[in-house]
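Student: Input structure: final11.cif, which contains mmCIF, C-alpha atoms and all ligand atoms.
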```cif
data_coords
#
loop_
_atom_site.label_atom_id
_atom_site.label_comp_id
_atom_site.auth_asym_id
_atom_site.auth_seq_id
_atom_site.Cartn_x
_atom_site.Cartn_y
_atom_site.Cartn_z
CA MET A 1 -33.63 95.00 223.11
CA THR A 2 -31.28 92.27 224.23
CA ALA A 3 -32.23 89.04 225.91
CA ALA A 4 -30.49 90.03 229.13
CA ALA A 5 -32.29 93.34 229.26
CA GLU A 6 -35.63 91.61 228.95
CA ARG A 7 -35.18 89.81 232.24
CA THR A 8 -36.56 92.26 234.73
CA GLY A 9 -38.06 95.68 234.82
CA ALA A 10 -35.04 96.99 236.65
CA ASP A 11 -32.71 95.68 233.96
CA ARG A 12 -34.86 97.19 231.28
CA THR A 13 -34.56 100.64 232.74
CA GLU A 14 -30.81 100.23 232.95
CA ALA A 15 -30.62 98.81 229.43
CA ASP A 16 -32.63 101.67 228.02
CA ARG A 17 -29.88 104.02 229.07
CA THR A 18 -26.81 101.99 228.10
CA PRO A 19 -26.57 98.93 225.87
CA ALA A 20 -26.20 95.84 228.06
CA ASP A 21 -22.65 94.68 228.55
CA VAL A 22 -21.91 91.87 226.14
CA LEU A 23 -20.50 89.57 228.81
CA ALA A 24 -23.62 90.07 230.96
CA VAL A 25 -25.74 89.24 227.92
CA ALA A 26 -23.62 86.19 227.17
CA ARG A 27 -23.85 84.99 230.77
CA GLU A 28 -27.62 85.02 230.67
CA GLN A 29 -28.17 83.95 227.08
CA VAL A 30 -25.34 81.50 226.44
CA LEU A 31 -24.42 80.17 229.86
CA GLU A 32 -27.91 80.00 231.34
CA ARG A 33 -29.97 79.23 228.25
CA GLY A 34 -27.46 77.65 225.88
CA ALA A 35 -28.32 79.98 223.01
CA GLY A 36 -25.36 81.22 220.96
CA LEU A 37 -24.63 84.90 220.45
CA ASP A 38 -25.64 86.57 217.20
CA GLU A 39 -23.19 88.26 214.83
CA PRO A 40 -23.21 91.78 216.33
CA ARG A 41 -22.63 90.34 219.80
CA VAL A 42 -19.85 88.04 218.57
CA LEU A 43 -18.22 91.10 217.05
CA GLU A 44 -18.47 92.89 220.38
CA ILE A 45 -16.70 89.95 221.98
CA LEU A 46 -13.94 90.10 219.39
CA ARG A 47 -13.52 93.78 220.19
CA LEU A 48 -13.27 93.40 223.95
CA PRO A 49 -10.15 95.07 225.33
CA ASP A 50 -7.30 93.04 226.78
CA GLU A 51 -8.32 93.97 230.35
CA ARG A 52 -11.51 91.99 229.96
CA MET A 53 -9.83 88.86 228.60
CA PRO A 54 -9.69 86.97 231.92
CA GLU A 55 -13.40 87.56 232.41
CA LEU A 56 -14.14 86.51 228.83
CA LEU A 57 -12.07 83.33 228.98
CA GLU A 58 -13.61 82.38 232.30
CA LEU A 59 -17.09 82.75 230.89
CA ALA A 60 -16.21 80.77 227.75
CA HIS A 61 -14.84 78.03 229.99
CA GLU A 62 -17.99 78.01 232.13
CA VAL A 63 -20.09 77.74 228.99
CA ARG A 64 -17.99 74.83 227.73
CA MET A 65 -18.21 73.04 231.12
CA ARG A 66 -21.94 73.60 231.38
CA TRP A 67 -22.94 72.58 227.85
CA CYS A 68 -20.17 70.16 226.85
CA GLY A 69 -18.72 68.92 230.14
CA PRO A 70 -15.14 68.50 231.32
CA GLU A 71 -14.10 65.79 228.86
CA VAL A 72 -11.67 66.49 226.07
CA GLU A 73 -11.83 64.62 222.79
CA VAL A 74 -8.38 63.66 221.60
CA GLU A 75 -7.74 62.99 217.93
CA GLY A 76 -4.83 62.03 215.73
CA ILE A 77 -4.67 62.80 212.03
CA VAL A 78 -2.62 61.52 209.16
CA SER A 79 -2.12 62.48 205.55
CA LEU A 80 -2.89 59.53 203.28
CA LYS A 81 -2.16 61.51 200.14
CA THR A 82 0.08 64.55 200.49
CA GLY A 83 0.64 67.44 198.09
CA GLY A 84 -0.08 67.90 194.40
CA CYS A 85 -3.63 69.18 194.94
CA PRO A 86 -5.09 70.98 191.91
CA GLU A 87 -6.92 73.55 194.06
CA ASP A 88 -5.46 76.95 194.93
CA CYS A 89 -6.32 77.50 198.61
CA HIS A 90 -3.81 80.28 199.27
CA PHE A 91 -2.85 79.06 202.74
CA CYS A 92 -2.05 75.52 201.68
CA SER A 93 1.41 74.04 201.25
CA GLN A 94 -0.18 71.07 199.46
CA SER A 95 -1.57 73.00 196.53
CA GLY A 96 0.20 72.05 193.32
CA GLN A 97 -0.26 75.61 192.09
CA PHE A 98 2.37 77.20 194.32
CA PRO A 99 6.13 76.66 194.56
CA SER A 100 5.88 75.02 197.99
CA PRO A 101 8.62 72.57 198.97
CA VAL A 102 5.97 69.94 199.80
CA ARG A 103 6.14 67.08 197.28
CA SER A 104 3.46 64.51 196.52
CA ALA A 105 3.45 61.39 198.65
CA TRP A 106 1.13 58.46 199.33
CA LEU A 107 1.11 56.65 202.63
CA ASP A 108 0.90 52.88 202.18
CA ILE A 109 -1.55 50.71 204.11
CA PRO A 110 0.99 49.41 206.67
CA GLY A 111 1.95 53.04 207.32
CA LEU A 112 -1.69 53.97 207.82
CA VAL A 113 -2.28 51.06 210.19
CA LYS A 114 0.80 52.09 212.17
CA ALA A 115 -0.38 55.70 212.36
CA ALA A 116 -3.79 54.56 213.63
CA ARG A 117 -2.14 52.31 216.20
CA GLU A 118 0.11 55.14 217.44
CA THR A 119 -2.92 57.40 217.70
CA ALA A 120 -4.93 54.84 219.69
CA ALA A 121 -1.95 54.37 222.01
CA THR A 122 -2.24 57.99 223.12
CA GLY A 123 -5.76 57.32 224.38
CA ALA A 124 -7.31 59.19 221.45
CA SER A 125 -10.80 58.13 220.42
CA GLU A 126 -10.61 59.62 216.91
CA PHE A 127 -8.39 59.01 213.93
CA CYS A 128 -8.83 61.17 210.85
CA ILE A 129 -7.59 60.09 207.43
CA VAL A 130 -6.89 63.09 205.22
CA ALA A 131 -6.09 63.48 201.53
CA ALA A 132 -5.01 66.59 199.62
CA VAL A 133 -7.49 66.43 196.76
CA ARG A 134 -10.35 68.43 195.29
CA GLY A 135 -12.44 65.32 195.80
CA PRO A 136 -11.69 61.60 195.93
CA ASP A 137 -11.24 59.46 192.82
CA LYS A 138 -11.70 55.68 192.64
CA ARG A 139 -8.10 54.99 193.64
CA LEU A 140 -8.37 57.11 196.77
CA MET A 141 -11.73 55.64 197.77
CA SER A 142 -10.35 52.14 197.42
CA GLN A 143 -7.23 53.06 199.39
CA VAL A 144 -9.45 54.41 202.17
CA ARG A 145 -11.60 51.27 202.12
CA ASP A 146 -8.55 48.98 202.27
CA GLY A 147 -7.01 51.17 204.95
CA ILE A 148 -10.03 51.06 207.23
CA LYS A 149 -10.32 47.30 206.77
CA ALA A 150 -6.64 46.89 207.68
CA ILE A 151 -6.99 49.12 210.76
CA ARG A 152 -9.88 46.96 211.98
CA GLU A 153 -7.97 43.75 211.22
CA ASP A 154 -5.21 45.14 213.39
CA GLY A 155 -7.68 45.01 216.29
CA ASN A 156 -7.97 48.78 216.49
CA ASP A 157 -11.51 50.02 217.14
CA ILE A 158 -10.69 53.73 217.20
CA GLN A 159 -13.39 55.85 215.54
CA ILE A 160 -12.49 56.80 212.01
CA ALA A 161 -13.12 60.13 210.37
CA CYS A 162 -12.15 61.19 206.86
CA SER A 163 -11.29 64.43 205.10
CA LEU A 164 -11.16 63.84 201.37
CA GLY A 165 -12.45 67.07 199.87
CA MET A 166 -15.71 67.57 198.05
CA LEU A 167 -17.89 64.49 197.68
CA THR A 168 -20.60 63.19 195.39
CA GLN A 169 -23.68 61.65 196.95
CA GLU A 170 -22.40 58.23 195.89
CA GLN A 171 -19.12 58.81 197.72
CA VAL A 172 -20.94 60.01 200.81
CA ASP A 173 -22.91 56.76 200.84
CA GLU A 174 -19.77 54.72 200.26
CA LEU A 175 -18.03 56.33 203.23
CA VAL A 176 -21.04 55.64 205.45
CA GLY A 177 -20.86 52.03 204.28
CA MET A 178 -17.18 51.84 205.27
CA GLY A 179 -18.08 52.90 208.80
CA VAL A 180 -16.67 56.42 208.60
CA HIS A 181 -18.57 58.17 211.37
CA ARG A 182 -17.44 61.76 210.89
CA TYR A 183 -16.41 63.81 207.89
CA ASN A 184 -14.20 66.88 207.97
CA HIS A 185 -14.64 69.55 205.37
CA ASN A 186 -13.71 73.07 206.38
CA LEU A 187 -15.48 76.16 205.14
CA GLU A 188 -12.11 77.76 206.00
CA THR A 189 -13.29 81.34 206.41
CA ALA A 190 -16.27 83.67 206.21
CA ARG A 191 -18.32 83.37 203.06
CA SER A 192 -17.52 86.98 202.16
CA HIS A 193 -13.77 86.35 202.44
CA PHE A 194 -13.63 82.95 200.74
CA PRO A 195 -13.21 84.21 197.15
CA SER A 196 -9.97 85.92 198.08
CA VAL A 197 -8.64 82.71 199.64
CA VAL A 198 -9.73 80.13 197.04
CA THR A 199 -10.63 80.69 193.39
CA THR A 200 -10.87 77.10 192.10
CA HIS A 201 -14.07 76.25 193.94
CA THR A 202 -16.70 78.08 195.95
CA TRP A 203 -17.82 78.24 199.53
CA GLU A 204 -21.23 77.05 198.34
CA GLU A 205 -19.72 73.91 196.79
CA ARG A 206 -18.15 73.15 200.16
CA TRP A 207 -21.46 73.78 201.90
CA GLU A 208 -23.15 71.30 199.54
CA THR A 209 -20.78 68.50 200.59
CA LEU A 210 -21.47 69.33 204.22
CA ARG A 211 -25.20 69.18 203.61
CA MET A 212 -24.94 65.69 202.05
CA VAL A 213 -22.68 64.47 204.85
CA HIS A 214 -25.15 65.69 207.45
CA GLU A 215 -28.15 64.17 205.69
CA ALA A 216 -26.38 60.83 205.42
CA GLY A 217 -26.06 60.76 209.19
CA MET A 218 -22.32 61.29 209.49
CA GLU A 219 -21.10 63.78 212.07
CA VAL A 220 -20.07 67.03 210.44
CA CYS A 221 -16.66 68.45 211.30
CA CYS A 222 -16.22 71.90 209.84
CA GLY A 223 -13.98 74.76 210.83
CA GLY A 224 -11.34 76.93 209.33
CA ILE A 225 -8.25 79.02 209.67
CA ILE A 226 -7.94 82.29 211.52
CA GLY A 227 -5.40 84.82 210.26
CA MET A 228 -5.91 84.77 206.49
CA GLY A 229 -6.38 88.50 206.15
CA GLU A 230 -10.02 88.44 207.23
CA THR A 231 -11.36 91.43 209.14
CA VAL A 232 -12.62 91.11 212.67
CA GLU A 233 -16.13 91.55 211.22
CA GLN A 234 -15.48 88.56 208.98
CA ARG A 235 -14.38 86.51 211.98
CA ALA A 236 -17.75 87.24 213.55
CA GLU A 237 -19.48 86.44 210.27
CA PHE A 238 -17.67 83.11 210.08
CA ALA A 239 -18.56 82.16 213.67
CA VAL A 240 -22.21 82.74 212.96
CA GLN A 241 -22.12 80.93 209.62
CA LEU A 242 -20.63 77.91 211.37
CA ALA A 243 -23.27 78.15 214.08
CA GLU A 244 -25.92 78.09 211.36
CA LEU A 245 -24.37 74.92 209.93
CA ASP A 246 -24.44 73.48 213.46
CA PRO A 247 -21.55 71.05 213.02
CA HIS A 248 -20.69 68.41 215.58
CA GLU A 249 -17.15 69.72 215.67
CA VAL A 250 -15.31 72.90 214.70
CA PRO A 251 -11.54 72.61 214.30
CA MET A 252 -9.82 75.95 214.79
CA ASN A 253 -6.56 76.49 212.98
CA PHE A 254 -4.32 79.54 213.14
CA LEU A 255 -2.47 80.34 209.96
CA ILE A 256 1.00 78.91 209.61
CA PRO A 257 2.42 81.02 206.80
CA GLN A 258 3.71 78.28 204.53
CA PRO A 259 6.79 78.86 202.35
CA GLY A 260 5.94 79.27 198.68
CA THR A 261 2.25 80.01 199.22
CA PRO A 262 0.67 83.43 198.64
CA TYR A 263 0.38 83.77 202.42
CA GLU A 264 4.01 83.00 203.24
CA ASP A 265 4.65 86.51 204.53
CA PHE A 266 1.46 86.88 206.55
CA GLU A 267 1.90 87.72 210.20
CA LEU A 268 1.01 85.12 212.79
CA VAL A 269 -2.21 85.71 214.69
CA GLU A 270 -1.35 87.34 218.02
CA GLY A 271 -1.94 85.08 221.03
CA PRO A 272 -4.59 87.31 222.67
CA ASP A 273 -6.50 87.57 219.37
CA ALA A 274 -6.43 83.82 219.00
CA LEU A 275 -7.83 83.37 222.51
CA ARG A 276 -10.47 86.04 221.94
CA THR A 277 -11.52 84.20 218.78
CA VAL A 278 -11.70 80.86 220.58
CA ALA A 279 -13.91 82.40 223.27
CA ALA A 280 -16.07 84.16 220.67
CA PHE A 281 -16.60 80.89 218.79
CA ARG A 282 -17.53 79.20 222.06
CA LEU A 283 -20.08 81.89 222.83
CA ALA A 284 -21.51 81.55 219.31
CA MET A 285 -21.63 77.73 219.59
CA PRO A 286 -22.09 76.67 223.21
CA ARG A 287 -22.72 72.99 222.48
CA THR A 288 -20.27 72.37 219.64
CA MET A 289 -17.01 70.56 220.08
CA LEU A 290 -14.27 73.15 219.57
CA ARG A 291 -10.94 71.64 218.65
CA PHE A 292 -7.48 73.12 218.76
CA ALA A 293 -5.98 72.18 215.40
CA GLY A 294 -2.97 73.47 213.46
CA GLY A 295 -0.98 76.57 214.28
CA ARG A 296 -1.57 76.69 218.01
CA GLU A 297 2.08 75.87 218.72
CA LEU A 298 3.29 78.98 216.89
CA THR A 299 0.48 81.34 217.77
CA LEU A 300 -0.08 80.42 221.40
CA GLY A 301 2.89 78.41 222.63
CA ASP A 302 2.56 76.13 225.64
CA LEU A 303 1.07 78.70 227.99
CA GLY A 304 -1.47 79.91 225.45
CA ALA A 305 -2.59 76.36 224.71
CA GLU A 306 -3.46 75.97 228.37
CA LYS A 307 -5.33 79.24 228.35
CA GLY A 308 -7.31 78.04 225.35
CA MET A 309 -8.20 74.81 227.14
CA LEU A 310 -9.49 77.03 229.95
CA GLY A 311 -11.16 79.41 227.51
CA GLY A 312 -13.63 77.35 225.50
CA ILE A 313 -11.69 74.57 223.77
CA ASN A 314 -12.75 70.99 224.52
CA ALA A 315 -10.90 68.90 221.93
CA ILE A 316 -7.38 68.69 220.57
CA ILE A 317 -5.33 67.14 217.83
CA VAL A 318 -2.34 65.44 219.37
CA GLY A 319 0.94 64.58 217.69
CA ASN A 320 1.85 65.81 214.24
CA TYR A 321 -0.38 67.37 211.63
CA LEU A 322 -0.47 66.74 207.89
CA THR A 323 2.69 68.49 206.77
CA ASN A 324 3.73 70.19 210.02
CA LEU A 325 4.94 68.78 213.28
CA GLY A 326 3.05 69.30 216.53
CA ARG A 327 4.45 69.10 220.00
CA PRO A 328 4.83 65.56 221.39
CA ALA A 329 1.47 63.95 222.21
CA GLN A 330 2.63 63.23 225.75
CA GLN A 331 3.04 66.94 226.42
CA ASP A 332 -0.62 67.53 225.58
CA LEU A 333 -1.74 64.52 227.60
CA ASP A 334 0.25 65.81 230.58
CA MET A 335 -1.37 69.21 230.14
CA LEU A 336 -4.83 67.62 230.30
CA THR A 337 -3.89 65.72 233.44
CA GLU A 338 -2.63 68.93 235.02
CA LEU A 339 -5.82 70.72 234.08
CA ASN A 340 -7.83 67.86 235.51
CA MET A 341 -9.64 67.32 232.24
CA PRO A 342 -10.47 63.69 231.49
CA ILE A 343 -9.89 62.35 227.99
CA LYS A 344 -13.10 61.27 226.34
CA ALA A 345 -12.91 57.49 226.29
CA LEU A 346 -13.60 55.48 223.19
CA SER A 347 -16.23 53.54 225.14
CA ASP A 348 -18.20 56.76 225.65
CA THR A 349 -18.39 57.39 221.95
CA LEU A 350 -19.50 53.95 220.74
CA MET B 1 25.65 70.65 203.94
CA TYR B 2 22.39 72.39 203.16
CA CYS B 3 19.61 73.73 205.33
CA VAL B 4 16.87 71.08 205.45
CA HIS B 5 14.12 73.72 205.60
CA CYS B 6 15.06 75.99 202.70
CA GLY B 7 17.72 74.05 200.82
CA ARG B 8 20.36 76.79 200.89
CA PRO B 9 23.84 76.55 202.37
CA PRO B 10 23.85 77.69 206.01
CA GLY B 11 25.97 80.73 205.14
CA GLU B 12 23.75 81.89 202.29
CA GLY B 13 20.77 84.17 202.81
CA GLU B 14 18.52 84.37 205.82
CA HIS B 15 17.49 81.31 207.78
CA THR B 16 15.43 83.02 210.46
CA ARG B 17 12.34 81.08 209.46
CA CYS B 18 14.25 77.81 209.44
CA GLN B 19 15.14 78.21 213.09
CA GLY B 20 13.30 78.57 216.37
CA ALA B 21 9.61 77.82 216.67
CA ARG B 22 9.02 78.00 212.91
CA GLY B 23 11.74 75.47 212.16
CA ALA B 24 10.56 73.23 214.98
CA ILE B 25 7.20 72.57 213.34
CA ASP B 26 8.60 71.95 209.87
CA PRO B 27 9.98 68.53 208.99
CA PRO B 28 13.08 68.47 206.80
CA ARG B 29 12.12 69.32 203.23
CA PHE B 30 15.51 69.42 201.50
CA CYS B 31 18.24 66.82 201.50
CA PRO B 32 21.08 68.10 203.67
CA GLU B 33 23.59 66.45 201.33
CA CYS B 34 22.43 67.67 197.93
CA ALA B 35 19.55 70.13 198.58
CA ARG B 36 17.13 68.13 196.43
CA ARG B 37 13.50 68.44 197.53
CA MET B 38 12.66 65.27 199.42
CA VAL B 39 9.40 63.31 199.44
CA VAL B 40 8.27 63.72 203.04
CA GLN B 41 5.64 61.80 204.94
CA VAL B 42 4.52 63.16 208.29
CA THR B 43 2.86 60.67 210.65
CA PRO B 44 1.35 61.27 214.10
CA SER B 45 4.60 60.46 215.86
CA GLY B 46 7.28 61.33 213.36
CA TRP B 47 8.34 61.93 209.77
CA SER B 48 10.21 60.15 207.04
CA ALA B 49 11.87 61.71 204.01
CA ARG B 50 13.40 60.34 200.83
CA CYS B 51 15.99 61.90 198.58
CA SER B 52 16.15 60.30 195.12
CA ARG B 53 19.94 60.24 195.37
CA HIS B 54 20.65 59.86 199.10
CA GLY B 55 17.86 57.61 200.22
CA ASP B 56 15.68 57.57 203.30
CA ARG B 57 15.99 59.35 206.61
CA SER B 58 13.43 59.68 209.36
CA SER B 59 12.78 61.14 212.78
CA PHE B 60 13.42 57.66 214.15
CA ASN B 61 16.96 57.30 212.79
CA THR B 62 18.14 60.90 212.35
CA ALA B 63 18.68 63.65 214.82
CA SER B 64 16.34 66.12 213.20
CA ALA B 65 17.56 69.65 212.70
CA THR B 66 14.50 70.59 214.69
CA ASP B 67 15.09 68.42 217.76
S1 LIG C 401 -8.35 71.53 198.56
FE1 LIG C 401 -7.31 71.03 200.49
S2 LIG C 401 -5.32 70.14 199.90
FE2 LIG C 401 -6.17 71.17 198.10
S3 LIG C 401 -5.22 73.20 198.12
FE3 LIG C 401 -7.22 73.36 199.18
S4 LIG C 401 -6.75 73.01 201.35
FE4 LIG C 401 -4.96 72.32 200.18
ZN ZN C 402 17.23 77.61 205.86
ZN ZN C 403 20.22 64.09 198.55
#
```
With the file now loaded, output its structure as structure tokens.
Ligand code: SF4
Ligand SMILES: [Zn+2]
Ligand SMILES: [Zn+2]
Tutor:
Amino acid sequence: MTAAAERTGADRTEADRTPADVLAVAREQVLERGAGLDEPRVLEILRLPDERMPELLELAHEVRMRWCGPEVEVEGIVSLKTGGCPEDCHFCSQSGQFPSPVRSAWLDIPGLVKAARETAATGASEFCIVAAVRGPDKRLMSQVRDGIKAIREDGNDIQIACSLGMLTQEQVDELVGMGVHRYNHNLETARSHFPSVVTTHTWEERWETLRMVHEAGMEVCCGGIIGMGETVEQRAEFAVQLAELDPHEVPMNFLIPQPGTPYEDFELVEGPDALRTVAAFRLAMPRTMLRFAGGRELTLGDLGAEKGMLGGINAIIVGNYLTNLGRPAQQDLDMLTELNMPIKALSDTL
Amino acid sequence: MYCVHCGRPPGEGEHTRCQGARGAIDPPRFCPECARRMVVQVTPSGWSARCSRHGDRSSFNTASATD
């Protein structure tokens, strides 16, 4: 018996005859009570026909407004160390195992300071420093430390997040000591699908880093990529696994089939499927920050991005990504103004 | 001249992926003058690329093929 059907005797009689409609269940359970949908219900959402999309997106938006509010968190990201990664994540143009045209590069400290300054100038409250590595070595940790120090000396008080792969406990503690307030480490896809996406490390190893990050008091940022050959069941599985992790933020990427990678010929996720997935994730995680990350430009275009902002998303990456270009930051800022969604101010987050 | 996205001459092979929306999100990867793979750094507001023979170019001083 579903939660919605338990409400009244009248409902119960109705529910005994036909299973309660998933959107009615979600309205009562997620919107009213703030409790995320379970896996079978998330799957039902992912299977809703196109005709019910407007209703679904509207509900996801109501849930976001009710449990997260109207503010949008804006973030900029930069690649501190690009390419040459020893891991074999099949979607990734930065893996050294595939004939991708992406070559190794290091951003110097002045470049990092400039990137942080440009990000702050957009009104963003978050700046994420990313490196293409299995996990950080001493050189990378010291580059991050020097980089953060230089950003602060530049008078920039933007919040700093990092994404440096799998960590040891010692490295977790070091990052906390540097003032890194959030750590990104994506589980990428459902646990059952992960072995076909990555063979050089496991989903469980990723989970272990996330556990340490959480216990150390950093905010956990963990999401993944939609469109890597997972089934719709696995999308539901992933949503629920993320909900179980209960991260502060979930970045949602849509696969950009990268030249030279095993996924170079994969089809793009269709716009409606992307929006359905956004809404399903919102209904699985009513209180979590859901961020539009890479791939939205190709999968959704300008119109779809707006629909996503009105369908459960409450955070965005502005400007360029790590190896791909985004649309100009100003275009996203204008979109937020048009949608009447205030940008979360840095002062609110300190 | 070579295609900055795939490194082939414009008349050779297909360039469908190098154009349109796909091309627009990809910074130049190959030197247009010699087709060498360039070292590319993407930053929040632009990109810069270096060819070992032909030097540096960037979104700030080059009309990108994607603009
Ligand atoms: S660990 Fe990160 S950088 Fe390395 S191949 Fe996987 S996704 Fe790419
Ligand atoms: Zn080409
Ligand atoms: Zn050259």
Student: Find the residues around B:Arg53 up to 9 Å (only C-alpha atoms counted), leave out those fewer than 2 positions away in its own chain, and share them as a ChimeraX atom specification.
Tutor: /B:34,36,50-51,55
Student: For a quick test of understanding: name the residues of chain A lying within 6 Å of chain B when counting all atoms listed in the file, and present them as JSON, numbers by chain.
Tutor: {"A": [78, 103, 319, 320, 323, 324, 325]}
Student: Give me the residues near stretch 139-147 of chain A as a list in words, where near means some atom within 7 Å (using only C-alpha atoms) and where sequence neighbours in that chain fewer than 2 positions away do not count.
Tutor: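 Near stretch 139-147 of chain A, the qualifying residues are Ile109, Leu112, Pro136, Asp137, Lys149, Ala150, Ile151 and Met178 of chain A.
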Student: Keeping only C-alpha atoms, take the residues you just selected and write them out as a CSV table (one decimal), keeping the file's coordinate frame.
Tutor:
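Below is the file out13.csv, written as the result:
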```
chain,number,residue,atom,x,y,z
A,109,ILE,CA,-1.6,50.7,204.1
A,112,LEU,CA,-1.7,54.0,207.8
A,136,PRO,CA,-11.7,61.6,195.9
A,137,ASP,CA,-11.2,59.5,192.8
A,149,LYS,CA,-10.3,47.3,206.8
A,150,ALA,CA,-6.6,46.9,207.7
A,151,ILE,CA,-7.0,49.1,210.8
A,178,MET,CA,-17.2,51.8,205.3
```
Student: Using only C-alpha atoms, pick whichever of A:Gly308, A:Pro40, A:Pro195, A:Gly260 has the shortest atom-to-atom distance to A:Glu237.
Tutor: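 Nearest candidate to A:Glu237 out of A:Gly308, A:Pro40, A:Pro195, A:Gly260: A:Pro40.
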Student: To check your reading of the model: which residues sit at most 6 Å from ligand LIG 401 (chain C) when counting all atoms listed in the file? Write the answer as a VMD selection string.
Tutor: chain A and resid 85 87 to 89 92 94 to 95 132 to 134
Student: Please report as CSV every residue of chain B lying within 9 Å of ligand ZN 402 (chain C), along with the nearest atom pair and their distance in Å (one decimal), using only C-alpha atoms and all ligand atoms.
Tutor:
```
residue,atom,partner,partner_atom,distance
B:Tyr2,CA,C:ZN402,ZN,7.8
B:Cys3,CA,C:ZN402,ZN,4.6
B:Val4,CA,C:ZN402,ZN,6.6
B:His5,CA,C:ZN402,ZN,5.0
B:Cys6,CA,C:ZN402,ZN,4.2
B:Gly7,CA,C:ZN402,ZN,6.2
B:Arg8,CA,C:ZN402,ZN,5.9
B:Pro9,CA,C:ZN402,ZN,7.5
B:Pro10,CA,C:ZN402,ZN,6.6
B:Glu12,CA,C:ZN402,ZN,8.6
B:Gly13,CA,C:ZN402,ZN,8.1
B:Glu14,CA,C:ZN402,ZN,6.9
B:His15,CA,C:ZN402,ZN,4.2
B:Thr16,CA,C:ZN402,ZN,7.3
B:Arg17,CA,C:ZN402,ZN,7.0
B:Cys18,CA,C:ZN402,ZN,4.7
B:Gln19,CA,C:ZN402,ZN,7.5
B:Gly23,CA,C:ZN402,ZN,8.6
```
Student: Write out as a list of chain:residue names which residues come within 10 Å of A:Ala120 when counting only C-alpha atoms, dropping same-chain ones fewer than 4 positions away.
Tutor: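 Once the adjacent positions are removed, what remains is A:Val74, A:Glu75, A:Gly76, A:Lys114, A:Ala115, A:Ala116, A:Ala124, A:Ser125, A:Glu126, A:Phe127, A:Asn156, A:Asp157, A:Ile158, A:Gln159, A:Leu346.
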Student: List as a list in words the protein and nucleic acid residues near A:Leu303, meaning an atom at most 12 Å away when only C-alpha atoms are counted, but skip any in the same chain fewer than 4 places from it.
Tutor: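 Returned residues: Gly271, Pro272, Leu275, Arg296, Glu297, Leu298, Thr299, Lys307, Gly308, Met309, Leu310, Asp332 and Met335 of chain A.
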Student: What is the distance between atom CA of A:Ala60 and atom CA of A:Asn253, in Å to one decimal?
Tutor: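 For atom CA of A:Ala60 relative to atom CA of A:Asn253, the distance reads 18.2 Å.
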Student: Please write as number ranges by chain the list of polymer residues whose atoms come within 9 Å of (-28.5, 76.3, 228.5), counting all atoms listed in the file and keeping to the coordinates of the file.
Tutor: A: 29-35, 63, 66-67, 286-287
Student: Neighbours of A:Leu56 within 8 Å (all atoms listed in the file; same-chain residues fewer than 4 positions away dropped), as a list in words?
Tutor: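 After dropping sequence-adjacent residues, the list is Leu23, Arg52, Ala60, Arg276, Ala279 and Gly311 of chain A.
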Student: Would you put the residues from that selection into a file with C-alpha atoms, as a JSON list (two decimals), in the coordinates of the input?
Tutor:
```
[["chain", "number", "residue", "atom", "x", "y", "z"],
["A", 23, "LEU", "CA", -20.50, 89.57, 228.81],
["A", 52, "ARG", "CA", -11.51, 91.99, 229.96],
["A", 60, "ALA", "CA", -16.21, 80.77, 227.75],
["A", 276, "ARG", "CA", -10.47, 86.04, 221.94],
["A", 279, "ALA", "CA", -13.91, 82.40, 223.27],
["A", 311, "GLY", "CA", -11.16, 79.41, 227.51]]
```
Student: So the first atom is atom CA of A:Arg47 and the second is atom CA of A:Cys221; what is the distance between them in Å, to one decimal place?
Tutor: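 Computing it gives 27.0 Å between the two atoms.
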Student: So what do you get for atom CA of A:Leu80 versus atom CA of A:Arg191, distance-wise?
Tutor: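 Computed distance, atom CA of A:Leu80 to atom CA of A:Arg191, equals 28.4 Å.
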Student: Using only C-alpha atoms, list the residues that have an atom at most 9 Å from (-5.2, 81.8, 202.3), coordinates as in the file, as a list of chain:residue names.
Tutor: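 The answer, in the requested form, is A:Asp88, A:Cys89, A:His90, A:Phe91, A:Cys92, A:Glu188, A:Phe194, A:Ser196, A:Val197, A:Val198, A:Ile225, A:Gly227, A:Met228, A:Gly229, A:Leu255, A:Pro257, A:Thr261, A:Pro262, A:Tyr263.
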